[in-house]
file target11.pdb (PDB, C-alpha atoms)
MODEL        1
ATOM      1  CA  MET B   2      44.944 -37.097 -10.971
ATOM      2  CA  ALA B   3      42.757 -40.102 -10.126
ATOM      3  CA  LEU B   4      39.820 -38.332 -11.765
ATOM      4  CA  LEU B   5      41.818 -37.709 -14.890
ATOM      5  CA  LYS B   6      42.787 -41.373 -15.078
ATOM      6  CA  ARG B   7      39.149 -42.507 -14.817
ATOM      7  CA  GLN B   8      37.963 -40.203 -17.597
ATOM      8  CA  ALA B   9      41.182 -40.287 -19.566
ATOM      9  CA  GLY B  10      41.616 -40.721 -23.262
ATOM     10  CA  TYR B  11      44.622 -40.427 -25.494
ATOM     11  CA  GLU B  12      45.063 -38.927 -28.915
ATOM     12  CA  ILE B  13      47.802 -39.214 -31.484
ATOM     13  CA  VAL B  14      48.099 -36.802 -34.395
ATOM     14  CA  THR B  15      50.477 -37.642 -37.219
ATOM     15  CA  SER B  16      51.478 -34.429 -38.995
ATOM     16  CA  PRO B  17      52.301 -34.176 -42.701
ATOM     17  CA  ASP B  18      56.017 -34.003 -41.924
ATOM     18  CA  GLY B  19      55.809 -37.268 -39.982
ATOM     19  CA  HIS B  20      55.950 -35.543 -36.618
ATOM     20  CA  VAL B  21      53.806 -37.411 -34.089
ATOM     21  CA  GLU B  22      52.022 -35.381 -31.460
ATOM     22  CA  GLU B  23      50.469 -37.155 -28.509
ATOM     23  CA  ALA B  24      48.109 -35.675 -25.948
ATOM     24  CA  ASP B  25      45.967 -36.744 -23.031
ATOM     25  CA  THR B  26      42.266 -36.025 -23.150
ATOM     26  CA  TYR B  27      39.406 -36.346 -20.726
ATOM     27  CA  THR B  28      35.710 -36.812 -21.380
ATOM     28  CA  CYS B  29      33.358 -34.357 -19.715
ATOM     29  CA  PHE B  30      31.161 -36.218 -17.251
ATOM     30  CA  HIS B  31      28.190 -33.917 -17.943
ATOM     31  CA  CYS B  32      28.031 -33.548 -21.727
ATOM     32  CA  GLY B  33      30.403 -36.273 -22.903
ATOM     33  CA  SER B  34      32.610 -33.993 -24.984
ATOM     34  CA  VAL B  35      36.301 -34.751 -25.299
ATOM     35  CA  VAL B  36      38.665 -32.101 -23.908
ATOM     36  CA  ARG B  37      42.296 -32.015 -24.883
ATOM     37  CA  CYS B  38      44.715 -31.526 -21.985
ATOM     38  CA  LYS B  39      47.144 -28.875 -23.074
ATOM     39  CA  PRO B  40      50.568 -29.164 -21.487
ATOM     40  CA  PHE B  41      51.594 -26.514 -18.937
ATOM     41  CA  VAL B  42      48.130 -24.960 -18.952
ATOM     42  CA  ASP B  43      46.232 -24.111 -15.790
ATOM     43  CA  GLY B  44      43.519 -26.726 -15.156
ATOM     44  CA  ALA B  45      40.878 -24.016 -14.846
ATOM     45  CA  ALA B  46      41.476 -23.079 -18.468
ATOM     46  CA  MET B  47      40.379 -26.549 -19.616
ATOM     47  CA  GLY B  48      37.412 -27.145 -17.319
ATOM     48  CA  ALA B  49      36.687 -27.858 -13.695
ATOM     49  CA  ARG B  50      35.906 -30.536 -11.149
ATOM     50  CA  CYS B  51      32.211 -30.874 -10.313
ATOM     51  CA  THR B  52      31.920 -31.062  -6.541
ATOM     52  CA  CYS B  53      28.530 -32.869  -6.774
ATOM     53  CA  CYS B  54      29.547 -35.859  -8.882
ATOM     54  CA  ASP B  55      33.285 -35.526  -8.193
ATOM     55  CA  SER B  56      34.173 -35.639 -11.866
ATOM     56  CA  LEU B  57      35.945 -33.535 -14.436
ATOM     57  CA  ILE B  58      33.758 -31.369 -16.637
ATOM     58  CA  CYS B  59      34.430 -29.137 -19.630
ATOM     59  CA  LEU B  60      34.380 -25.328 -19.704
ATOM     60  CA  HIS B  61      30.988 -25.374 -21.418
ATOM     61  CA  CYS B  62      29.411 -27.208 -18.468
ATOM     62  CA  VAL B  63      30.966 -25.115 -15.711
ATOM     63  CA  GLY B  64      28.343 -23.306 -13.626
ATOM     64  CA  LYS B  65      25.366 -25.134 -15.151
ATOM     65  CA  GLY B  66      24.540 -27.468 -12.288
ATOM     66  CA  CYS B  67      25.249 -31.174 -12.045
ATOM     67  CA  THR B  68      23.528 -33.394 -14.566
ATOM     68  CA  PRO B  69      25.780 -36.364 -15.363
ATOM     69  CA  LEU B  70      25.511 -37.782 -18.853
ATOM     70  CA  GLN B  71      24.097 -41.056 -17.490
ATOM     71  CA  LYS B  72      21.114 -39.109 -16.119
ATOM     72  CA  GLN B  73      20.675 -37.289 -19.417
ATOM     73  CA  LEU B  74      20.711 -40.570 -21.319
ATOM     74  CA  GLU B  75      17.968 -41.904 -19.046
ATOM     75  CA  ARG B  76      15.911 -38.772 -19.718
ATOM     76  CA  TRP B  77      16.362 -39.064 -23.477
ATOM     77  CA  GLU B  78      15.393 -42.722 -23.396
ATOM     78  CA  ARG B  79      12.297 -42.016 -21.282
ATOM     79  CA  ARG B  80      11.252 -39.118 -23.510
ATOM     80  CA  ARG B  81      11.495 -41.293 -26.625
ATOM     81  CA  GLU B  82       9.512 -44.040 -24.914
ATOM     82  CA  MET B  83       6.765 -41.558 -24.050
ATOM     83  CA  GLU B  84       6.753 -40.238 -27.623
ATOM     84  CA  SER B  85       6.436 -43.723 -29.030
ATOM     85  CA  LEU B  86       3.454 -44.437 -26.759
ATOM     86  CA  ARG B  87       1.511 -41.430 -28.061
TER      87      ARG B  87
ATOM     88  CA  MET S  19      32.095 -56.759 -23.712
ATOM     89  CA  ALA S  20      32.181 -57.242 -27.458
ATOM     90  CA  ARG S  21      33.824 -54.548 -29.539
ATOM     91  CA  TYR S  22      32.971 -53.668 -33.102
ATOM     92  CA  HIS S  23      34.620 -51.773 -35.900
ATOM     93  CA  VAL S  24      32.964 -49.690 -38.568
ATOM     94  CA  ASP S  25      34.477 -47.428 -41.217
ATOM     95  CA  ASN S  26      33.267 -45.788 -44.385
ATOM     96  CA  ARG S  27      35.227 -48.129 -46.655
ATOM     97  CA  MET S  28      33.069 -51.051 -45.617
ATOM     98  CA  ALA S  29      30.035 -50.268 -47.775
ATOM     99  CA  GLY S  30      28.629 -47.792 -50.249
ATOM    100  CA  THR S  31      30.525 -45.120 -52.146
ATOM    101  CA  GLN S  32      32.682 -42.587 -50.393
ATOM    102  CA  GLN S  33      31.387 -39.033 -50.768
ATOM    103  CA  SER S  34      33.598 -36.069 -51.595
ATOM    104  CA  LEU S  35      34.005 -33.522 -48.849
ATOM    105  CA  THR S  36      32.467 -30.082 -49.235
ATOM    106  CA  THR S  37      32.255 -26.934 -47.159
ATOM    107  CA  THR S  38      29.423 -28.456 -45.126
ATOM    108  CA  TYR S  39      29.625 -31.575 -43.005
ATOM    109  CA  LYS S  40      29.431 -34.949 -44.713
ATOM    110  CA  THR S  41      28.810 -37.854 -42.368
ATOM    111  CA  LEU S  42      31.386 -40.565 -42.863
ATOM    112  CA  ALA S  43      30.034 -43.131 -40.423
ATOM    113  CA  SER S  44      27.411 -43.344 -37.731
ATOM    114  CA  VAL S  45      26.350 -45.905 -35.168
ATOM    115  CA  VAL S  46      22.815 -45.814 -33.796
ATOM    116  CA  GLY S  47      20.409 -47.829 -31.700
ATOM    117  CA  VAL S  48      17.614 -49.789 -33.370
ATOM    118  CA  THR S  49      14.240 -50.683 -31.883
ATOM    119  CA  ALA S  50      14.490 -54.417 -32.515
ATOM    120  CA  THR S  51      17.716 -54.821 -30.547
ATOM    121  CA  LEU S  52      17.754 -51.678 -28.467
ATOM    122  CA  CYS S  53      20.821 -51.105 -26.307
ATOM    123  CA  ARG S  54      23.139 -48.332 -25.289
ATOM    124  CA  GLY S  55      26.510 -48.103 -26.925
ATOM    125  CA  ARG S  56      29.815 -46.389 -26.385
ATOM    126  CA  ALA S  57      32.576 -45.399 -28.768
ATOM    127  CA  VAL S  58      35.978 -46.508 -27.533
ATOM    128  CA  GLY S  59      38.150 -45.291 -30.379
ATOM    129  CA  LEU S  60      38.107 -42.981 -33.360
ATOM    130  CA  ALA S  61      40.479 -42.559 -36.255
ATOM    131  CA  VAL S  62      40.282 -40.013 -39.049
ATOM    132  CA  GLY S  63      42.315 -38.921 -42.038
ATOM    133  CA  ALA S  64      42.152 -38.046 -45.706
ATOM    134  CA  ASP S  65      41.514 -40.948 -48.076
ATOM    135  CA  GLY S  66      42.333 -39.306 -51.403
ATOM    136  CA  ALA S  67      45.066 -37.352 -53.133
ATOM    137  CA  PRO S  68      45.806 -34.107 -51.269
ATOM    138  CA  ASN S  69      44.761 -30.765 -52.656
ATOM    139  CA  ALA S  70      47.504 -28.743 -54.366
ATOM    140  CA  THR S  71      46.859 -25.870 -51.984
ATOM    141  CA  ASP S  72      47.506 -26.926 -48.432
ATOM    142  CA  CYS S  73      44.326 -26.804 -46.379
ATOM    143  CA  GLN S  74      42.531 -28.201 -43.378
ATOM    144  CA  ILE S  75      39.897 -30.867 -42.845
ATOM    145  CA  VAL S  76      37.594 -30.467 -39.873
ATOM    146  CA  TYR S  77      36.426 -33.678 -38.247
ATOM    147  CA  THR S  78      33.703 -33.855 -35.658
ATOM    148  CA  VAL S  79      31.554 -36.337 -33.784
ATOM    149  CA  GLN S  80      27.998 -35.238 -33.103
ATOM    150  CA  ARG S  81      25.061 -36.776 -31.333
ATOM    151  CA  GLN S  82      22.544 -38.012 -33.868
ATOM    152  CA  THR S  83      18.788 -38.141 -33.324
ATOM    153  CA  ALA S  84      17.603 -39.165 -36.801
ATOM    154  CA  THR S  85      19.353 -40.911 -39.650
ATOM    155  CA  GLY S  86      19.561 -39.449 -43.134
ATOM    156  CA  THR S  87      20.193 -41.322 -46.364
ATOM    157  CA  ALA S  88      23.166 -43.640 -46.113
ATOM    158  CA  THR S  89      24.430 -47.121 -46.830
ATOM    159  CA  ALA S  90      24.016 -49.682 -44.075
ATOM    160  CA  ALA S  91      27.252 -51.360 -43.054
ATOM    161  CA  THR S  92      27.639 -54.506 -40.997
ATOM    162  CA  PRO S  93      29.938 -53.751 -38.061
ATOM    163  CA  ASN S  94      32.838 -56.173 -37.744
ATOM    164  CA  PRO S  95      33.308 -57.785 -34.342
ATOM    165  CA  ILE S  96      36.928 -57.207 -33.367
ATOM    166  CA  VAL S  97      36.933 -60.722 -31.903
ATOM    167  CA  PRO S  98      35.422 -62.841 -34.697
ATOM    168  CA  ALA S  99      33.738 -65.202 -32.225
ATOM    169  CA  ASP S 100      31.570 -62.424 -30.788
ATOM    170  CA  VAL S 101      27.903 -62.063 -31.687
ATOM    171  CA  ALA S 102      26.713 -59.553 -34.264
ATOM    172  CA  SER S 103      26.320 -55.990 -33.065
ATOM    173  CA  ARG S 104      22.918 -54.959 -31.739
ATOM    174  CA  SER S 105      23.500 -51.395 -32.941
ATOM    175  CA  SER S 106      23.267 -50.371 -36.590
ATOM    176  CA  ALA S 107      25.985 -48.666 -38.582
ATOM    177  CA  PHE S 108      25.513 -46.379 -41.574
ATOM    178  CA  VAL S 109      28.261 -44.988 -43.762
ATOM    179  CA  ASN S 110      28.783 -42.542 -46.628
ATOM    180  CA  TYR S 111      25.751 -40.339 -46.112
ATOM    181  CA  THR S 112      24.233 -38.728 -49.203
ATOM    182  CA  ALA S 113      21.598 -36.830 -47.198
ATOM    183  CA  GLU S 114      22.478 -35.747 -43.706
ATOM    184  CA  GLY S 115      20.612 -36.821 -40.603
ATOM    185  CA  THR S 116      19.652 -34.706 -37.608
ATOM    186  CA  TYR S 117      22.441 -33.801 -35.227
ATOM    187  CA  THR S 118      22.259 -32.070 -31.881
ATOM    188  CA  LEU S 119      25.591 -31.607 -30.186
ATOM    189  CA  PRO S 120      29.231 -31.850 -31.234
ATOM    190  CA  ILE S 121      31.210 -33.748 -28.618
ATOM    191  CA  TRP S 122      34.548 -34.140 -30.376
ATOM    192  CA  SER S 123      36.023 -31.748 -32.940
ATOM    193  CA  ARG S 124      39.459 -31.451 -34.454
ATOM    194  CA  SER S 125      40.855 -29.451 -37.343
ATOM    195  CA  LEU S 126      43.768 -31.203 -39.035
ATOM    196  CA  ASN S 127      46.006 -30.525 -41.975
ATOM    197  CA  GLN S 128      44.748 -32.413 -45.034
ATOM    198  CA  ARG S 129      47.834 -34.661 -44.885
ATOM    199  CA  ALA S 130      47.513 -35.346 -41.176
ATOM    200  CA  SER S 131      45.729 -38.225 -39.526
ATOM    201  CA  MET S 132      44.576 -38.769 -36.001
ATOM    202  CA  GLN S 133      43.544 -41.465 -33.565
ATOM    203  CA  TRP S 134      41.724 -41.107 -30.274
ATOM    204  CA  VAL S 135      41.188 -43.884 -27.757
ATOM    205  CA  ALA S 136      39.355 -43.981 -24.457
ATOM    206  CA  GLN S 137      41.513 -45.465 -21.750
ATOM    207  CA  ASP S 138      38.726 -46.096 -19.274
ATOM    208  CA  THR S 139      34.953 -46.527 -19.266
ATOM    209  CA  ASP S 140      34.156 -42.985 -18.158
ATOM    210  CA  ALA S 141      36.042 -41.637 -21.142
ATOM    211  CA  MET S 142      34.000 -43.552 -23.700
ATOM    212  CA  LEU S 143      31.430 -41.684 -25.774
ATOM    213  CA  LEU S 144      27.990 -42.928 -24.776
ATOM    214  CA  TRP S 145      24.739 -42.897 -26.689
ATOM    215  CA  PRO S 146      21.248 -43.746 -25.436
ATOM    216  CA  ALA S 147      19.212 -46.889 -26.044
ATOM    217  CA  THR S 148      16.879 -45.049 -28.391
ATOM    218  CA  ASN S 149      15.887 -45.841 -31.950
ATOM    219  CA  ASN S 150      18.025 -43.940 -34.491
ATOM    220  CA  ALA S 151      19.960 -42.118 -31.781
ATOM    221  CA  GLY S 152      23.716 -42.476 -31.698
ATOM    222  CA  LEU S 153      26.954 -40.877 -32.777
ATOM    223  CA  ALA S 154      27.949 -39.613 -36.207
ATOM    224  CA  LEU S 155      31.505 -38.985 -37.361
ATOM    225  CA  MET S 156      31.643 -36.314 -40.056
ATOM    226  CA  ALA S 157      34.062 -34.081 -41.905
ATOM    227  CA  LEU S 158      34.204 -30.903 -43.951
ATOM    228  CA  SER S 159      36.852 -28.948 -45.757
ATOM    229  CA  PRO S 160      36.774 -25.541 -47.418
ATOM    230  CA  THR S 161      39.274 -26.683 -50.076
ATOM    231  CA  TYR S 162      39.983 -30.424 -49.986
ATOM    232  CA  ALA S 163      37.343 -32.031 -52.187
ATOM    233  CA  SER S 164      38.234 -35.699 -52.150
ATOM    234  CA  PHE S 165      37.399 -38.468 -49.668
ATOM    235  CA  ALA S 166      38.029 -38.815 -45.951
ATOM    236  CA  LEU S 167      38.181 -41.967 -43.889
ATOM    237  CA  GLY S 168      36.377 -42.247 -40.572
ATOM    238  CA  ILE S 169      36.779 -45.221 -38.256
ATOM    239  CA  VAL S 170      34.677 -45.870 -35.163
ATOM    240  CA  ASP S 171      35.350 -48.674 -32.684
ATOM    241  CA  TYR S 172      32.537 -49.186 -30.211
ATOM    242  CA  GLU S 173      30.900 -51.495 -27.702
ATOM    243  CA  ASP S 174      27.270 -52.429 -27.203
ATOM    244  CA  MET S 175      26.174 -52.193 -23.564
TER     245      MET S 175
ENDMDL
END

call {"tool": "encode", "arguments": {"input": "target11.pdb", "output": "structure tokens"}}
result
Amino acid sequence: MALLKRQAGYEIVTSPDGHVEEADTYTCFHCGSVVRCKPFVDGAAMGARCTCCDSLICLHCVGKGCTPLQKQLERWERRREMESLR
Amino acid sequence: MARYHVDNRMAGTQQSLTTTYKTLASVVGVTATLCRGRAVGLAVGADGAPNATDCQIVYTVQRQTATGTATAATPNPIVPADVASRSSAFVNYTAEGTYTLPIWSRSLNQRASMQWVAQDTDAMLLWPATNNAGLALMALSPTYASFALGIVDYEDM
């Protein structure tokens, strides 16, 4: 639950009939995608907890190793720097 | 940390939606004032008369690696005393940029609207401190052919 709070977002959808639907979300720590938390759904159906970085990840990132988004950003920045030096 | 607001009503001419993605607004890094950024809130919805036949609009946020043809918009600091944003904002794309990865996607009824907010820092949508790299908010619809509004609230890091 503490993990969910740290990566938590919140979404509000206003339907055409005026019905307001609210849902919790969390942001995948590996790819940065936003996952909607469906009520009464098994957690494994939404994603998983990475035991390396102790964070919630999305289904897409399950089983692909631990590369937190911060690390990926550093790589992208370094790659662009190298390209600009050429 | 200063927060900024950008939406596609701030500059340029809104583009009609088609069956392929039209970028409503994007925020990217620029070499002169390079910094990382993070989106803290998104809001989307139709901005024109609804289609007679009920239909959906698909909204998505994708990582952007190159800008296309768009109108530059000056992001508004949410606190007026804050300095100008170091990131650049572009709205109402007429030629699409280069996108790599969708990180947020929702399909809504054409009459529906939606807001998303990050409650904590790890939930915010980050982009790298790289020239022309950032996030783009876009929309498509198979039937609805009028305008859509996209709002991005973000922070420079």

call {"tool": "residues_around", "arguments": {"input": "target11.pdb", "residues": "Ala99 of chain S", "least_positions_apart": "6", "cutoff": "12 Å", "atoms": "only C-alpha atoms", "output": "count of residues only"}}
result
3

call {"tool": "closest_atom_pairs", "arguments": {"input": "target11.pdb", "of": "segment 17-61 of chain B", "to": "segment 136-144 of chain S", "cutoff": "8 Å", "atoms": "all atoms listed in the file", "output": "CSV"}}
result
residue,atom,partner,partner_atom,distance
B:Tyr27,CA,S:Ala141,CA,6.3
B:Thr28,CA,S:Ala141,CA,4.8
B:Cys29,CA,S:Ala141,CA,7.9
B:Phe30,CA,S:Asp140,CA,7.5
B:Gly33,CA,S:Leu143,CA,6.2
B:Ser34,CA,S:Leu143,CA,7.8

call {"tool": "closest_residue", "arguments": {"input": "target11.pdb", "among": "B:Cys51, B:Ala24, B:Met83, B:Cys32", "to": "Cys67 of chain B", "atoms": "all atoms listed in the file"}}
result
B:Cys51

call {"tool": "residues_around", "arguments": {"input": "target11.pdb", "residues": "Glu22 of chain B", "least_positions_apart": "3", "cutoff": "9 Å", "atoms": "all atoms listed in the file", "output": "number ranges by chain"}}
result
B: 12-16

call {"tool": "resolve_selection", "arguments": {"input": "target11.pdb", "expression": "the PyMOL selection byres ((chain B) within 12 of (chain S))", "output": "PyMOL selection string"}}
result
chain B and resi 3-37+56-59+61+69-85

call {"tool": "closest_residue", "arguments": {"input": "target11.pdb", "among": "S:Val97, S:Ala88, S:Met175, S:Ile75", "to": "Thr41 of chain S", "atoms": "all atoms listed in the file"}}
result
S:Ala88

call {"tool": "residues_around", "arguments": {"input": "target11.pdb", "residues": "Thr92 of chain S", "least_positions_apart": "2", "cutoff": "8 Å", "atoms": "only C-alpha atoms", "output": "PDB file with C-alpha atoms, in the frame of the given file"}}
result
ATOM      1  CA  VAL S  24      32.964 -49.690 -38.568  1.00  0.00           C
ATOM      2  CA  MET S  28      33.069 -51.051 -45.617  1.00  0.00           C
ATOM      3  CA  ALA S  90      24.016 -49.682 -44.075  1.00  0.00           C
ATOM      4  CA  ASN S  94      32.838 -56.173 -37.744  1.00  0.00           C
ATOM      5  CA  SER S 106      23.267 -50.371 -36.590  1.00  0.00           C
ATOM      6  CA  ALA S 107      25.985 -48.666 -38.582  1.00  0.00           C
TER       7      ALA S 107
END

call {"tool": "resolve_selection", "arguments": {"input": "target11.pdb", "expression": "the PyMOL selection byres ((chain S and resi 164-172) around 8)", "output": "MDAnalysis selection string"}}
result
chainID S and resid 21:27 32:35 42:43 55:68 155:157 162:163 173:174

call {"tool": "atom_distance", "arguments": {"input": "target11.pdb", "atom1": "atom CA of Gly152 of chain S", "atom2": "atom CA of Asn110 of chain S"}}
result
15.8 Å

call {"tool": "atom_distance", "arguments": {"input": "target11.pdb", "atom1": "atom CA of Cys73 of chain S", "atom2": "atom CA of Ser125 of chain S"}}
result
10.0 Å

call {"tool": "resolve_selection", "arguments": {"input": "target11.pdb", "expression": "the PyMOL selection byres ((chain S and resi 52) around 7)", "output": "PyMOL selection string"}}
result
chain S and resi 47-51+53+104+147-148

call {"tool": "write_last_selection", "arguments": {"input": "target11.pdb", "atoms": "C-alpha atoms", "output": "PDB file, keeping the file's coordinate frame"}}
result
ATOM      1  CA  GLY S  47      20.409 -47.829 -31.700  1.00  0.00           C
ATOM      2  CA  VAL S  48      17.614 -49.789 -33.370  1.00  0.00           C
ATOM      3  CA  THR S  49      14.240 -50.683 -31.883  1.00  0.00           C
ATOM      4  CA  ALA S  50      14.490 -54.417 -32.515  1.00  0.00           C
ATOM      5  CA  THR S  51      17.716 -54.821 -30.547  1.00  0.00           C
ATOM      6  CA  CYS S  53      20.821 -51.105 -26.307  1.00  0.00           C
ATOM      7  CA  ARG S 104      22.918 -54.959 -31.739  1.00  0.00           C
ATOM      8  CA  ALA S 147      19.212 -46.889 -26.044  1.00  0.00           C
ATOM      9  CA  THR S 148      16.879 -45.049 -28.391  1.00  0.00           C
TER      10      THR S 148
END

call {"tool": "atom_distance", "arguments": {"input": "target11.pdb", "atom1": "atom CA of Tyr77 of chain S", "atom2": "atom CA of Ser159 of chain S"}}
result
8.9 Å

call {"tool": "build_atoms", "arguments": {"input": "target11.pdb", "residues": "segment 27-47 of chain B", "atoms": "N, CA and C atoms", "output": "short mmCIF file (atom, residue, chain, number, x, y, z; two decimals), keeping the file's coordinate frame"}}
result
data_model
loop_
_atom_site.label_atom_id
_atom_site.label_comp_id
_atom_site.auth_asym_id
_atom_site.auth_seq_id
_atom_site.Cartn_x
_atom_site.Cartn_y
_atom_site.Cartn_z
N TYR B 27 40.38 -35.80 -21.67
CA TYR B 27 39.41 -36.35 -20.73
C TYR B 27 38.01 -36.09 -21.28
N THR B 28 37.08 -36.93 -20.89
CA THR B 28 35.71 -36.81 -21.38
C THR B 28 34.86 -36.16 -20.30
N CYS B 29 34.20 -35.09 -20.66
CA CYS B 29 33.36 -34.36 -19.72
C CYS B 29 32.27 -35.28 -19.18
N PHE B 30 32.12 -35.31 -17.88
CA PHE B 30 31.16 -36.22 -17.25
C PHE B 30 29.72 -35.74 -17.43
N HIS B 31 29.54 -34.46 -17.79
CA HIS B 31 28.19 -33.92 -17.94
C HIS B 31 27.69 -33.97 -19.38
N CYS B 32 28.52 -33.58 -20.34
CA CYS B 32 28.03 -33.55 -21.73
C CYS B 32 28.70 -34.60 -22.61
N GLY B 33 29.76 -35.21 -22.14
CA GLY B 33 30.40 -36.27 -22.90
C GLY B 33 31.36 -35.78 -23.97
N SER B 34 31.68 -34.49 -23.97
CA SER B 34 32.61 -33.99 -24.98
C SER B 34 34.05 -34.28 -24.56
N VAL B 35 34.91 -34.39 -25.55
CA VAL B 35 36.30 -34.75 -25.30
C VAL B 35 37.14 -33.48 -25.23
N VAL B 36 37.85 -33.30 -24.12
CA VAL B 36 38.66 -32.10 -23.91
C VAL B 36 40.13 -32.50 -23.99
N ARG B 37 40.87 -31.74 -24.76
CA ARG B 37 42.30 -32.02 -24.88
C ARG B 37 43.05 -31.35 -23.74
N CYS B 38 43.92 -32.09 -23.07
CA CYS B 38 44.72 -31.53 -21.98
C CYS B 38 45.96 -30.88 -22.57
N LYS B 39 46.00 -29.58 -22.51
CA LYS B 39 47.14 -28.88 -23.07
C LYS B 39 48.26 -28.86 -22.04
N PRO B 40 49.48 -29.14 -22.45
CA PRO B 40 50.57 -29.16 -21.49
C PRO B 40 50.85 -27.77 -20.91
N PHE B 41 51.20 -27.74 -19.64
CA PHE B 41 51.59 -26.51 -18.94
C PHE B 41 50.48 -25.46 -18.90
N VAL B 42 49.24 -25.91 -19.02
CA VAL B 42 48.13 -24.96 -18.95
C VAL B 42 47.41 -25.16 -17.62
N ASP B 43 46.98 -24.06 -17.04
CA ASP B 43 46.23 -24.11 -15.79
C ASP B 43 44.97 -24.96 -15.99
N GLY B 44 44.67 -25.84 -15.04
CA GLY B 44 43.52 -26.73 -15.16
C GLY B 44 42.21 -25.99 -15.35
N ALA B 45 42.11 -24.80 -14.74
CA ALA B 45 40.88 -24.02 -14.85
C ALA B 45 40.62 -23.54 -16.27
N ALA B 46 41.65 -23.51 -17.09
CA ALA B 46 41.48 -23.08 -18.47
C ALA B 46 40.89 -24.19 -19.34
N MET B 47 40.91 -25.42 -18.84
CA MET B 47 40.38 -26.55 -19.62
C MET B 47 38.99 -26.94 -19.15
#
